Amino acid sequence: MRKIIGISINLVLALLIFCSPGLAQALHIAVPTDPDSFDPSQTVAAATGEIAFNIYEGLVKATPEGKVEGALAAHWDLDQSGTVYTFYLREAVFHDGSPLTVFDVVNALDRARDPEIAVRAGELEVIEEITALDGAVRIQLKEPHGAFLYALAEVFAVIYPAQARDLARNPVGTGPYSLREWHPNQQLVLESFQEHWSGRKPYYQQVVFQIIPDENSMVLNLKAGRVDLIPRLEISTLHQVEGDQNLQVLAAPMNLVQLFALNNKRAPFDDLRVRKALALAVNKEEVLLGAAWGQGQILHSGLSPAMPQFYNPDLGSVNPYDPQKARALLREAGQENLKFTLVLPANYPLHIAAGELVAEQWKAVGIKVNLEIVEWGTWLEKVYNQRDYEVSVIGLAGRLDPHAILARYQSDNSRNFFNFANAEYDRLIAAGLQAAGEERIQIYKKAQQILAEEVAGIFIMDPPQLSVMSKEIKGWKHYPVYVVDAASLYE
Amino acid sequence: MNKSRWGLGIIITISTLIILGCFYTPYDPAEIRVSERLQAPSKVHWAGTDHFGRDILSRIFVGGRISLLVGVAAVALGSSVGTLLGLWSGFKGGIWDEILMRFTDGFYALPFILLALLLATVWGPGVPVVLWAIAAGNIPIFLRLSRTQALKIKAELYVEAARALGASNLRLLWAHILPNIRSTLLVQFSASLAGAILVEASLSYLGVGIQPPQPSWGRMLREAQSYASLAPWAVWAPGLFMALTIIGFNLVGDDLIDKR
């Protein structure tokens, strides 16, 4: 009898140990959307960059301070003219075991700047020629470019083996983690890469990104311990975790620009008076309070105060809340009975709430707004790629350099889904790359003023990034760009 | 008798409130006053306010209109199509009856929600999705019910007698069969209505039903869930109305069964 009891106790113990998977070696991170594609030449969604940051590396990479440091390039130099960069490569190995060569770098960057292949080729169009040297790569620019290094740190400029195929589903990079499994709309399993060039091994052997579109389920999963970390908590659920003893909430500016995108080319939004009327009718304070529970920074143009050096703080008076004047402008433009559809992305409660609030504010000045909530994939295709919309709400993820953020309003920019076109603005953005120091700062301040005055869009707020995780997790690094740095986390 | 009185009482009260809501609500249900958000029930706001400071009671009245209208319209549509097909199928018999019944079996296997999600991906979410999903879901229920009844009554002596007297098929169906299955259909109708309100709520809760800014009971529950711990009234107020309505319809249905 005693024997049987003994055996069963052992069995139960064995089961218990067996059932607790990998004891602290796997980290579960909750994110709301599935990546669109891991092919660096195809991806446009910030949700992909967030995960890809752990898989791919470029010649350089972003730091939490908003600067760049060497990644696959150990160091680099720039010639006197400011147009020839030489990057000296490290010895590194890809996830598939092949060593990094100069040809991989040339191939990846040549593809990234080829408009036939890469959707974001425009961001690297300043490159004139890329040449392979012995252990180094020389990049010749058409002209000096103040933000070139920052562009190289982005997901579209990462390096992958020249022979790699089907990167969209099977990314191969040099990052601290490799993608092991991907169950679309469920989870992505990343495994730590043992041969990373730095010689460092991440604390967590496995990182699981779980796709949980609903913000409440996310929090419930966190509280139940099925998820360890939520990098971007929806503000409306903050109160659910605030009092919890086992959790910590870390807040930082997100460097995100939430705006109402107006299709500047489509009538009647091609009329500045209409755009201005729409802007004047929006009470941003109320949106901040109602949609973001009063947390965050109100914006007046396309740059967040999270970039203090370049931020133009004097634009609050350009489009103040003034419903009377909004009505008058609409009347002047002959649009008293303005009616349009506001498209909202289904998986972003913050944007939906802002949309509902502003729709009501617009109604108060006599505008009829039809709300349409669409799936994220539909949004990307219809609004972003085809530019087939009237008004929409979205958050534009932060970048390291103001050029990368502001260039998207240039008339010929591939990311300009607002169809904003202003010759003076185009000129300023081009000039910003040649300038340096105070002159460069003034150029971007002027550019922000144009965005506000011409109402490229209606800029609302920069919400705070609330990262929630269990108390045991340490080493969380906050970046001014949209990434999760899993390799720096430990317990 | 008692049950039905209670049930009818509940339905009539709620319907009256909802109809009243067409002409008068304490506040504009869409009016946003962010400074007054998440207020507990009080003399000013009887059921409190939601996260945008909208009056919950006003929204319940207006939301109920959508919930009830969509429910009634969808069930009426589904039941009339289902009943007509079922009667015809049971009365005629033969190959068409066989084919129709196999289709019905297939349809039964497809849950309401799944059908609605399918429609929502094709048409985009909104009222039509809810309406057609509930209607389509009710067709096989009424079809089967009326077919079995028609089969049974078709064999009755009085039907044969009527036929011998020269009554046409249409007259047989209309004057002899339909009145005899009326009570069965009514029971199913009230049960379906209760179900429809619940399905509408589930769909709106899932986000494929009624779209904002239009309030509906399910939508209100969805919006309230993220701050349920801060403002429980935003959950229980629409929930209570929904539960009461469903209980009302079920009580009436139960009583009809007892009477039969």
# chains A, B, ... in the order shown; residues from 1 in each chain; ligands from 1

$ closest_atom_pairs --of "chain B" --to "chain A" --cutoff "12 Å" --atoms "only C-alpha atoms" --output "CSV"
residue,atom,partner,partner_atom,distance
B:Asp28,CA,A:Glu360,CA,11.6
B:Pro29,CA,A:Glu360,CA,11.3
B:Ala30,CA,A:Glu360,CA,7.5
B:Glu31,CA,A:Glu360,CA,7.3
B:Ile32,CA,A:Glu360,CA,7.1
B:Arg33,CA,A:Glu286,CA,8.4
B:Val34,CA,A:Gly290,CA,5.6
B:Ser35,CA,A:Glu286,CA,8.1
B:Glu36,CA,A:Gly290,CA,10.1
B:Arg37,CA,A:Gly290,CA,8.1
B:Leu38,CA,A:Gly290,CA,10.5
B:Asp50,CA,A:Gly290,CA,10.3
B:His51,CA,A:Gly290,CA,6.8
B:Phe52,CA,A:Gly290,CA,5.7
B:Gly53,CA,A:Gly290,CA,8.5
B:Arg54,CA,A:Leu357,CA,11.1
B:Ala120,CA,A:Val374,CA,10.3
B:Thr121,CA,A:Glu375,CA,9.1
B:Val122,CA,A:Val374,CA,11.7
B:Trp123,CA,A:Val374,CA,10.9
B:Gly124,CA,A:Val374,CA,7.4
B:Pro125,CA,A:Ile373,CA,7.8
B:Gly126,CA,A:Glu372,CA,9.1
B:Tyr205,CA,A:Asp214,CA,11.7
B:Leu206,CA,A:Asp214,CA,10.0
B:Gly207,CA,A:Ala346,CA,8.6
B:Val208,CA,A:Ile373,CA,9.3
B:Gly209,CA,A:Ile373,CA,11.0
B:Ile210,CA,A:Ile373,CA,10.8
B:Gln211,CA,A:Ile373,CA,7.6
B:Pro212,CA,A:Leu371,CA,6.9
B:Pro213,CA,A:Glu356,CA,6.5
B:Gln214,CA,A:Leu371,CA,9.6
B:Pro215,CA,A:Glu356,CA,11.8
B:Arg222,CA,A:Asn216,CA,10.3
B:Glu223,CA,A:Pro349,CA,9.8
B:Ala224,CA,A:Ser236,CA,10.5
B:Gln225,CA,A:Asn216,CA,7.7
B:Ser226,CA,A:Thr237,CA,5.9
B:Tyr227,CA,A:Thr237,CA,7.0
B:Ala228,CA,A:Gln240,CA,9.3
B:Ser229,CA,A:Gln240,CA,7.6
B:Leu230,CA,A:His239,CA,8.0
B:Ala231,CA,A:His239,CA,11.4

$ residues_around --residues "Asp55 of chain B" --least-positions-apart "3" --cutoff "8 Å" --atoms "only C-alpha atoms" --output "JSON, numbers by chain"
{"B": [27, 28, 29, 45, 47, 48, 49, 50, 58, 59]}

$ closest_residue --among "A:Tyr85, A:Tyr311, A:Phe260, A:Tyr203" --to "His351 of chain A" --atoms "only C-alpha atoms"
A:Phe260

$ closest_residue --among "A:Leu109, A:Leu344, A:Leu133, A:Val189" --to "Ala151 of chain A" --atoms "only C-alpha atoms"
A:Leu109

$ closest_residue --among "B:Ala109, B:Ala164, B:Ala76, B:Val235" --to "Ile60 of chain B" --atoms "only C-alpha atoms"
B:Val235

$ residues_around --residues "segment 128-145 of chain B" --least-positions-apart "5" --cutoff "8 Å" --atoms "only C-alpha atoms" --output "PyMOL selection string"
chain B and resi 70-71+73-79+81-87+101+104-105+107-108+111-113+115-116+119-120+123+185+188+192+196+199-200+203+208-210

$ closest_residue --among "A:Val207, A:Thr378, A:Gln335, A:Phe459" --to "Asp228 of chain A" --atoms "only C-alpha atoms"
A:Val207

$ select_by_dssp --residues "segment 64-278 of chain A" --states "alpha helix (DSSP H)" --output "number ranges by chain"
A: 102-112, 148-152, 215-223, 238-242, 272-278

$ residues_around --residues "Leu222 of chain A" --least-positions-apart "4" --cutoff "9 Å" --atoms "only C-alpha atoms" --output "MDAnalysis selection string"
chainID A and resid 30 217:218 226:230 247 468:470

$ write_last_selection --atoms "C-alpha atoms" --output "compact mmCIF listing (two decimals), in the first residue's frame"
# COMPACT_ATOMS: atom_id res chain seq x y z
CA ALA A 30 1.00 39.63 -26.19
CA SER A 217 -8.43 39.22 -23.15
CA MET A 218 -4.84 40.43 -23.21
CA ARG A 226 -0.45 32.94 -19.52
CA VAL A 227 1.21 36.09 -20.83
CA ASP A 228 4.24 37.71 -19.17
CA LEU A 229 4.41 41.01 -20.98
CA ILE A 230 2.20 43.42 -22.90
CA LEU A 247 2.62 43.50 -12.23
CA VAL A 468 3.00 46.00 -18.48
CA MET A 469 4.87 42.95 -17.31
CA SER A 470 5.17 40.67 -14.35

$ residues_around --residues "segment 418-421 of chain A" --least-positions-apart "2" --cutoff "10 Å" --atoms "only C-alpha atoms" --output "PyMOL selection string"
chain A and resi 260-266+270+383-384+387+389-392+408-416+423-426+451+454-457
